[in-house]
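Undergrad: One structure follows; several queries about it will come next.
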Amino acid sequence: MNIIKVGLFWILISLKEVQSNSNKTKCNVQNKNVDCSHLALTIIPRHLPTHATSMDLSRNNLKIVRGSTFQYFKNITDLNLGYNLIQSIDANAFYGLHRLQSLHLEHNFLHVLPVGMFDNLMCLQHLSIEYNKLQNHRDDQIKEMSKILSLTTLSYDIHQDYKFPSQWSTLSKLKHLMIFPRSIKVQFNKEMFTHIKMMPIMSLHLDRVPSISVDFFENFPKLDSISLWLADDLPKNPIDQIFRSFGVFKSRNMTNIKIAYSRFDNGFILNHNRLQYLWSICLKRLTLHELYIKDISIYAMQVFSVRSNCLEYLEISKNILLDRGGSFFTIFQNFKNLKILKMTSNWHHSRSKRSQPSRLYSLVLPQTLEELYIGDYLAADMVNINVINGHNLRVLSLKNSEIWSCEGSFAGVINVEYFDMSGWTCEKLSINLLYGFPNLKILKASGSHLGYGFVNTARAGSFLSKNLRLQDINLSSNRINSVPNGLFLSQFEHLSSVNMSQNNLTIFPMFHVSIKALKKIDLTFNSITHFNNEDIERVEKLGEVDIFLRGNPFQCSCKTLQFLRWLAQTNRVQDILDLTCVTEKGSRRFMSEVISKLKTFEISCKTKFWLSFGVSITSVIVIAIIITVVFFRYKYAVEYFLLRLKMKMKNYKELQQEYTYDAFISYSHTDAEWVKQFHDKVNSMGFELCLDAKDFIAGNGIAENVINAIDSSRKVIFIITHDFLKSTWGSYEMEMTRMHAFQKGREDMVIIVVRDKIKVCDMPEILKSMWFKITCIQWPNDDNLPYNTEEIFYEKMKISLQKKEETTLLYSRNSVI
């Protein structure tokens, strides 16, 4: 029964382990490097590749390291178990790691190191055990550590009244010591490291320095590099003690001194009393980082620059220095061997206001200077800057300086290969800004408002025309809507990388065809919806270039089908799995998903095209039929409107009350002889008649003459004969007259003279409509009818032509006279 219980217990444990592993993200394996960090692991995963040389298990929830856990990983040289919850390690936990060189156990909860833990680690060189709960004064712990004869780097905690163990003198190869005091009461003094004097310690890092004696470093005769990280929770600022402790190194050769992280609100001045302990050392590198230095004594720095013959690297960063403009750099000009100067991220009390900008005219540098970093320091309007002693300068970084106008240029920096102007405000820009850098290889201009500067600058496309050796261009986050014409059309034979991310570009930039070295174009987070055929053609001409397009508002529609086809075929877009697009229905999808179903998408587009095409053609045909029917049904109305429009365009003015003629005679030319007699007879009565043969204007169109005659006459007389009814112009004149009468309210202007015997049923519709509405006069053609004589006919005509006020006889509107 007990055996069954034990078996069930182990089965449950195994299932729990399997479930724990299955619920976690898989480790990242690249070549021989295994990264299992940040996975919240509670146990070390099994079945990891045994050929691994590096294994990172840091930042998980591991509590125990079991025996023989790594017995099959015989090739591991670097094992990181830091930042876990490890409370215990079995004695044989690292059995089999015969090649292990680096072991990280920092930031755990270890109380003891088991006896025999390091017995087989014959190659171990780097051990980090700081920030645990180890009692490093215990004899068993001290003895265990003394076994690591190959150790060169040790990082561990100390407590108050700590003494370096004499047993560790066996660590004859120990060169790098990193000490982490766990109490602010720790006092670094000479007696603390009495037994270390004979050891070859060359590098010492003190993570917290509450107090340090003047003679502390006397027991480190071979010390070459010091790193002192202070803290913000110390009872008082130990900065003066630290500088005095450097007096031990007088006339010594040293590579590096770094003092950092002492944020006391009152700050201090880097003056003669402090710097005097440094200029007597042949020091190559000095870093004063985030120490709240509020000012630098010009005299003290000048003395330091003259006496410090060995200094090659000087960094004073993240302090609260007082701004003195470009003239401040004159205090560094006397350094004889200074190659790198960094004055970055220093906050300035008296930085100039924008309303009263300072001007930067020149920089005086040490003659040997090769790299200058003064980012986030200057605050000025830029003018033409002359750099004195800049012939050796290769790197110039003015990153995040408050340069409010970019209308100047540089001189004296012809050998600069790296220039960083990121964070400037270049809404005002000179195309000559970079002309002073003919050998420039790397340009960093991120977040410099160049989009506005390009718009406000004539010939902005020439901005890079003098920098033909450029290899890397970064113009990200500049609010660029379109690349100026010609910006990348110079012959950049060595250009390999262009970063235009975080802008507002909508099309692919144009590059010179000779740029064959281009390997990377970053267009992420722009406003590109697709590449048109011209964009695709530009890309294909560039050779083997990788393009990055993530974060653009791409569209997946039938209009962008060509772009989708290109994406499916090309291998240039490296982040294609991260691309998304918006479909015609408004949904967002991964581009790879659309491309995987591209054939179905194409069929859908073709169906939509032919459907749309068919609907469009049908609509056009229907509209054409309607227009045709309407035209033929109302062709005279349309023509009347067009003629009116044409006459208005000729500045024609209609007669309002006075008319040129009493009547216009409309007739068939086959009746011309009779009409001539009719005209003469009526004319003799005192009426002025318009007749085409004598009154139409030569050169004008017939239709235009007809409209003119109708407009100029009080009446229109239609001579109706069989030939007239057959005449096209007769019908035309009747339609124009009817339209005119309708438009002008002159329905009584028509007089119809029926000369031949014509039945009403044989008349056309237009004549019928007039026949029943107006007065008609019959030409006498039947002698048997009473009163049917020419005299009566012309008397009736005279009455019809008289003006209303002259008319005395009334006739019925629907009777035939």
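Ordering of the structure tokens sets the chain letters (A, B, ...); residue numbers start at 1 within each chain; ligands are numbered from 1 in the order shown.
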Report as a list in words all protein, DNA and RNA residues lying within 10 Å of Ser477 (chain A), evaluated on only C-alpha atoms, omitting residues in the same chain fewer than 6 positions from it.
TA: Ser422, Gly423, Ala445, Ser446, Gly447, Ser448, His449, Leu450, Gly451, Asn499, Met500, Ser501, Gln502, Asn503, Asn504, Phe525 and Asn526 of chain A
Undergrad: Residues near region 335-348 of chain A, anyone? I mean within 7 Å using only C-alpha atoms, not counting same-chain ones fewer than 3 positions away, as a ChimeraX atom specification.
TA: /A:305-306,309-323,332,351,366,368-377
Undergrad: Need to verify the contact set: Leu505 (chain A), 6 Å, only C-alpha atoms, exclusion of same-chain residues closer than 6 positions in sequence. Can you return it as a ChimeraX atom specification?
TA: /A:481-482,526-527
Undergrad: Convert the current residue selection to file output with N, CA and C atoms, as an mmCIF file, in the first residue's frame.
TA:
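So the final result, stored in selection39.cif, reads:
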data_model
loop_
_atom_site.group_PDB
_atom_site.id
_atom_site.type_symbol
_atom_site.label_atom_id
_atom_site.label_comp_id
_atom_site.auth_asym_id
_atom_site.auth_seq_id
_atom_site.Cartn_x
_atom_site.Cartn_y
_atom_site.Cartn_z
ATOM 1 N N ASN A 481 6.566 64.602 -44.929
ATOM 2 C CA ASN A 481 5.412 64.150 -45.717
ATOM 3 C C ASN A 481 5.842 63.610 -47.072
ATOM 4 N N SER A 482 6.855 64.209 -47.641
ATOM 5 C CA SER A 482 7.383 63.741 -48.933
ATOM 6 C C SER A 482 8.874 64.047 -48.973
ATOM 7 N N ASN A 526 4.909 54.788 -41.207
ATOM 8 C CA ASN A 526 4.644 55.920 -42.071
ATOM 9 C C ASN A 526 3.160 55.892 -42.457
ATOM 10 N N SER A 527 2.809 56.478 -43.588
ATOM 11 C CA SER A 527 1.407 56.540 -44.009
ATOM 12 C C SER A 527 1.206 55.866 -45.364
#
Undergrad: Counting only C-alpha atoms, what is within 8 Å of region 439-441 of chain A, bar same-chain residues fewer than 6 positions away, as a list in words?
TA: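 Final neighbour list, sorted by chain and number: Ile414, Asn415, Val416, Glu417, Tyr418, Phe419, Asn467, Leu468, Arg469, Leu470, Gln471 and Asp472 of chain A.
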Undergrad: Would you save the residues of that selection, restricted to N, CA, C and O atoms, as an mmCIF file, in the first residue's frame?
TA:
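Dumped to selection.cif:
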data_model
loop_
_atom_site.group_PDB
_atom_site.id
_atom_site.type_symbol
_atom_site.label_atom_id
_atom_site.label_comp_id
_atom_site.auth_asym_id
_atom_site.auth_seq_id
_atom_site.Cartn_x
_atom_site.Cartn_y
_atom_site.Cartn_z
ATOM 1 N N ILE A 414 36.571 68.550 -41.711
ATOM 2 C CA ILE A 414 36.479 67.825 -42.982
ATOM 3 C C ILE A 414 36.680 66.324 -42.833
ATOM 4 O O ILE A 414 36.327 65.557 -43.735
ATOM 5 N N ASN A 415 37.226 65.863 -41.704
ATOM 6 C CA ASN A 415 37.475 64.433 -41.527
ATOM 7 C C ASN A 415 36.428 63.736 -40.664
ATOM 8 O O ASN A 415 36.560 62.556 -40.362
ATOM 9 N N VAL A 416 35.389 64.461 -40.273
ATOM 10 C CA VAL A 416 34.328 63.857 -39.461
ATOM 11 C C VAL A 416 33.592 62.792 -40.276
ATOM 12 O O VAL A 416 33.175 63.034 -41.405
ATOM 13 N N GLU A 417 33.441 61.612 -39.674
ATOM 14 C CA GLU A 417 32.758 60.499 -40.334
ATOM 15 C C GLU A 417 31.400 60.196 -39.702
ATOM 16 O O GLU A 417 30.568 59.536 -40.316
ATOM 17 N N TYR A 418 31.204 60.665 -38.477
ATOM 18 C CA TYR A 418 29.949 60.417 -37.751
ATOM 19 C C TYR A 418 29.443 61.743 -37.217
ATOM 20 O O TYR A 418 30.147 62.443 -36.483
ATOM 21 N N PHE A 419 28.207 62.103 -37.577
ATOM 22 C CA PHE A 419 27.611 63.352 -37.093
ATOM 23 C C PHE A 419 26.193 63.077 -36.623
ATOM 24 O O PHE A 419 25.392 62.493 -37.347
ATOM 25 N N ASN A 467 27.734 65.035 -49.565
ATOM 26 C CA ASN A 467 28.126 63.953 -48.643
ATOM 27 C C ASN A 467 28.023 62.609 -49.344
ATOM 28 O O ASN A 467 27.274 61.719 -48.938
ATOM 29 N N LEU A 468 28.800 62.447 -50.386
ATOM 30 C CA LEU A 468 28.669 61.281 -51.258
ATOM 31 C C LEU A 468 29.271 60.010 -50.666
ATOM 32 O O LEU A 468 29.154 58.940 -51.260
ATOM 33 N N ARG A 469 29.927 60.102 -49.508
ATOM 34 C CA ARG A 469 30.489 58.912 -48.874
ATOM 35 C C ARG A 469 29.591 58.346 -47.782
ATOM 36 O O ARG A 469 29.996 57.444 -47.050
ATOM 37 N N LEU A 470 28.391 58.856 -47.682
ATOM 38 C CA LEU A 470 27.463 58.399 -46.652
ATOM 39 C C LEU A 470 27.185 56.899 -46.773
ATOM 40 O O LEU A 470 26.973 56.375 -47.865
ATOM 41 N N GLN A 471 27.169 56.240 -45.624
ATOM 42 C CA GLN A 471 26.845 54.823 -45.555
ATOM 43 C C GLN A 471 25.548 54.560 -44.788
ATOM 44 O O GLN A 471 24.833 53.617 -45.078
ATOM 45 N N ASP A 472 25.282 55.411 -43.799
ATOM 46 C CA ASP A 472 24.103 55.216 -42.939
ATOM 47 C C ASP A 472 23.430 56.570 -42.736
ATOM 48 O O ASP A 472 24.056 57.515 -42.264
#
Undergrad: Leaving out Leu433 (chain A) and any residue of its chain fewer than 6 positions from it, which residues lie within 12 Å of it when counting only C-alpha atoms, given as a ChimeraX atom specification?
TA: /A:382-385,405-411,419,421,426,453,457,460,462-467
Undergrad: For CA of Ile76 (chain A) and CA of Asn136 (chain A), determine how far apart the two atoms are, in Å to one decimal place.
TA: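 Separating CA of Ile76 (chain A) from CA of Asn136 (chain A) is a distance of 27.5 Å.
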Undergrad: Would you list the contacts of Val706 (chain A) as a PyMOL selection string, taking every protein, DNA or RNA residue within 10 Å and counting only C-alpha atoms, but skipping same-chain residues closer than 3 positions in sequence?
TA: chain A and resi 664+666+692+696+700-703+709-712+729+732-733+736-737
Undergrad: Can I get the selection written as a compact mmCIF listing (two decimals), in the first residue's frame, with all heavy atoms?
TA:
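Output contents, as saved in result.txt:
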# COMPACT_ATOMS: atom_id res chain seq x y z
N PHE A 664 -43.20 88.04 -90.08
CA PHE A 664 -42.23 87.22 -90.79
C PHE A 664 -43.00 86.15 -91.54
O PHE A 664 -43.87 85.47 -90.99
CB PHE A 664 -41.26 86.57 -89.80
CG PHE A 664 -40.50 85.40 -90.37
CD1 PHE A 664 -39.68 85.57 -91.49
CD2 PHE A 664 -40.60 84.13 -89.80
CE1 PHE A 664 -38.98 84.49 -92.01
CE2 PHE A 664 -39.89 83.07 -90.33
CZ PHE A 664 -39.09 83.24 -91.43
N SER A 666 -43.29 82.70 -93.40
CA SER A 666 -42.69 81.37 -93.51
C SER A 666 -43.41 80.63 -94.61
O SER A 666 -44.64 80.48 -94.57
CB SER A 666 -42.82 80.63 -92.17
OG SER A 666 -42.32 79.32 -92.29
N ASP A 692 -37.25 85.98 -96.30
CA ASP A 692 -35.87 85.44 -96.26
C ASP A 692 -35.03 85.94 -97.42
O ASP A 692 -33.84 86.25 -97.26
CB ASP A 692 -35.90 83.92 -96.23
CG ASP A 692 -36.60 83.31 -97.45
OD1 ASP A 692 -37.24 84.06 -98.20
OD2 ASP A 692 -36.51 82.08 -97.63
N PHE A 696 -32.78 88.07 -94.72
CA PHE A 696 -31.83 87.21 -93.98
C PHE A 696 -30.40 87.71 -94.16
O PHE A 696 -30.02 88.12 -95.26
CB PHE A 696 -31.95 85.76 -94.43
CG PHE A 696 -33.09 85.02 -93.79
CD1 PHE A 696 -34.08 85.71 -93.08
CD2 PHE A 696 -33.17 83.62 -93.86
CE1 PHE A 696 -35.13 85.02 -92.47
CE2 PHE A 696 -34.21 82.94 -93.25
CZ PHE A 696 -35.20 83.65 -92.56
N ASN A 700 -24.77 84.21 -91.72
CA ASN A 700 -25.35 83.56 -90.54
C ASN A 700 -26.01 82.25 -90.95
O ASN A 700 -26.46 82.07 -92.09
CB ASN A 700 -26.39 84.46 -89.89
CG ASN A 700 -25.74 85.58 -89.09
OD1 ASN A 700 -24.51 85.64 -88.99
ND2 ASN A 700 -26.55 86.45 -88.53
N GLY A 701 -26.13 81.32 -90.00
CA GLY A 701 -26.80 80.08 -90.26
C GLY A 701 -28.29 80.31 -90.47
O GLY A 701 -28.86 81.29 -89.98
N ILE A 702 -28.94 79.39 -91.23
CA ILE A 702 -30.37 79.54 -91.51
C ILE A 702 -31.16 79.53 -90.22
O ILE A 702 -32.07 80.34 -90.01
CB ILE A 702 -30.85 78.41 -92.45
CG1 ILE A 702 -30.14 78.52 -93.81
CG2 ILE A 702 -32.37 78.46 -92.63
CD1 ILE A 702 -30.46 77.39 -94.75
N ALA A 703 -30.80 78.59 -89.29
CA ALA A 703 -31.52 78.50 -88.03
C ALA A 703 -31.41 79.79 -87.25
O ALA A 703 -32.39 80.28 -86.65
CB ALA A 703 -30.99 77.34 -87.20
N ALA A 709 -35.43 86.42 -87.16
CA ALA A 709 -36.63 86.95 -87.84
C ALA A 709 -37.85 86.84 -86.93
O ALA A 709 -38.68 87.75 -86.86
CB ALA A 709 -36.86 86.20 -89.14
N ILE A 710 -37.99 85.71 -86.23
CA ILE A 710 -39.12 85.53 -85.31
C ILE A 710 -39.06 86.55 -84.19
O ILE A 710 -40.07 87.16 -83.81
CB ILE A 710 -39.13 84.09 -84.75
CG1 ILE A 710 -39.40 83.08 -85.89
CG2 ILE A 710 -40.16 83.95 -83.64
CD1 ILE A 710 -39.25 81.64 -85.48
N ASP A 711 -37.82 86.76 -83.63
CA ASP A 711 -37.66 87.73 -82.55
C ASP A 711 -37.99 89.15 -83.00
O ASP A 711 -38.49 89.97 -82.22
CB ASP A 711 -36.21 87.68 -82.02
CG ASP A 711 -36.01 86.53 -81.05
OD1 ASP A 711 -37.02 85.91 -80.66
OD2 ASP A 711 -34.85 86.24 -80.70
N SER A 712 -37.67 89.44 -84.29
CA SER A 712 -37.80 90.83 -84.78
C SER A 712 -39.19 91.15 -85.33
O SER A 712 -39.44 92.27 -85.77
CB SER A 712 -36.76 91.09 -85.88
OG SER A 712 -35.45 90.85 -85.39
N TRP A 729 -37.83 72.57 -93.44
CA TRP A 729 -37.67 73.89 -92.83
C TRP A 729 -39.00 74.48 -92.40
O TRP A 729 -39.07 75.24 -91.45
CB TRP A 729 -36.96 74.85 -93.81
CG TRP A 729 -35.48 74.63 -93.83
CD1 TRP A 729 -34.75 74.07 -94.80
CD2 TRP A 729 -34.57 74.95 -92.77
NE1 TRP A 729 -33.42 74.01 -94.47
CE2 TRP A 729 -33.29 74.56 -93.21
CE3 TRP A 729 -34.71 75.53 -91.52
CZ2 TRP A 729 -32.15 74.72 -92.44
CZ3 TRP A 729 -33.57 75.70 -90.75
CH2 TRP A 729 -32.32 75.29 -91.19
N TYR A 732 -39.65 73.04 -89.16
CA TYR A 732 -38.66 73.61 -88.23
C TYR A 732 -39.11 75.00 -87.78
O TYR A 732 -39.09 75.32 -86.59
CB TYR A 732 -37.30 73.66 -88.91
CG TYR A 732 -36.21 74.28 -88.05
CD1 TYR A 732 -35.55 73.52 -87.09
CD2 TYR A 732 -35.87 75.62 -88.20
CE1 TYR A 732 -34.57 74.09 -86.31
CE2 TYR A 732 -34.89 76.19 -87.40
CZ TYR A 732 -34.24 75.42 -86.46
OH TYR A 732 -33.28 75.98 -85.68
N GLU A 733 -39.55 75.83 -88.75
CA GLU A 733 -39.95 77.19 -88.41
C GLU A 733 -41.21 77.20 -87.55
O GLU A 733 -41.36 78.06 -86.67
CB GLU A 733 -40.17 77.99 -89.70
CG GLU A 733 -38.85 78.29 -90.41
CD GLU A 733 -39.05 78.88 -91.81
OE1 GLU A 733 -40.22 78.98 -92.22
OE2 GLU A 733 -38.05 79.21 -92.46
N MET A 736 -40.01 76.30 -83.99
CA MET A 736 -39.29 77.41 -83.36
C MET A 736 -40.27 78.52 -82.94
O MET A 736 -40.13 79.12 -81.89
CB MET A 736 -38.25 77.97 -84.33
CG MET A 736 -37.06 77.06 -84.60
SD MET A 736 -36.07 76.68 -83.14
CE MET A 736 -36.60 75.01 -82.79
N THR A 737 -41.28 78.73 -83.81
CA THR A 737 -42.28 79.76 -83.48
C THR A 737 -43.09 79.35 -82.26
O THR A 737 -43.37 80.17 -81.38
CB THR A 737 -43.21 79.98 -84.69
OG1 THR A 737 -42.43 80.38 -85.82
CG2 THR A 737 -44.25 81.05 -84.39
Undergrad: Work out how far apart CA of Phe188 (chain A) and CA of Gln241 (chain A) are and give it in Å to one decimal.
TA: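 It comes out at 10.6 Å.
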Undergrad: Check the DSSP output for the backbone and give back, as a ChimeraX atom specification, the residues of region 113-251 of chain A in helix (DSSP H, G or I).
TA: /A:139-145,166-170,190-196,216-219,239-249
Undergrad: Taking 4 positions as the minimum chain separation for residues in the same chain, which residues sit within 12 Å of Lys759 (chain A) when counting only C-alpha atoms? Answer as an mmCIF file with C-alpha atoms, in the first residue's frame.
TA:
data_model
loop_
_atom_site.group_PDB
_atom_site.id
_atom_site.type_symbol
_atom_site.label_atom_id
_atom_site.label_comp_id
_atom_site.auth_asym_id
_atom_site.auth_seq_id
_atom_site.Cartn_x
_atom_site.Cartn_y
_atom_site.Cartn_z
ATOM 1 C CA ILE A 720 -49.672 76.501 -95.744
ATOM 2 C CA THR A 721 -49.522 74.525 -98.977
ATOM 3 C CA HIS A 722 -48.924 70.896 -99.792
ATOM 4 C CA VAL A 754 -54.202 78.064 -95.888
ATOM 5 C CA ARG A 755 -53.631 78.442 -99.651
ATOM 6 C CA MET A 763 -52.249 68.211 -91.207
ATOM 7 C CA PRO A 764 -49.126 67.386 -89.064
ATOM 8 C CA LEU A 767 -50.122 72.443 -87.335
ATOM 9 C CA LYS A 768 -53.132 70.805 -85.701
ATOM 10 C CA TRP A 771 -55.121 75.234 -86.005
#
Undergrad: CA of Met178 (chain A) and CA of Ile212 (chain A) are how many Å apart?
TA: 15.8 Å
Undergrad: Any chance you could tabulate, as CSV, the residues of region 484-531 of chain A at most 10 Å from region 569-590 of chain A with each one's nearest atom pair and distance in Å to one decimal, using only C-alpha atoms, in chain and rising number order?
TA:
residue,atom,partner,partner_atom,distance
A:Lys519,CA,A:Arg572,CA,9.8
A:Lys520,CA,A:Arg572,CA,9.4
A:Ile521,CA,A:Val573,CA,9.7
A:Thr524,CA,A:Asp575,CA,9.5
A:Thr529,CA,A:Cys581,CA,8.4
A:His530,CA,A:Cys581,CA,9.6
Undergrad: Return as a ChimeraX atom specification the full set of residues in region 57-268 of chain A whose backbone-based DSSP assignment is strand (DSSP E or B).
TA: /A:64-65,78-80,88-89,102-104,126-128,153-158,176-181,188,203-206,212,225-229,253-260,268
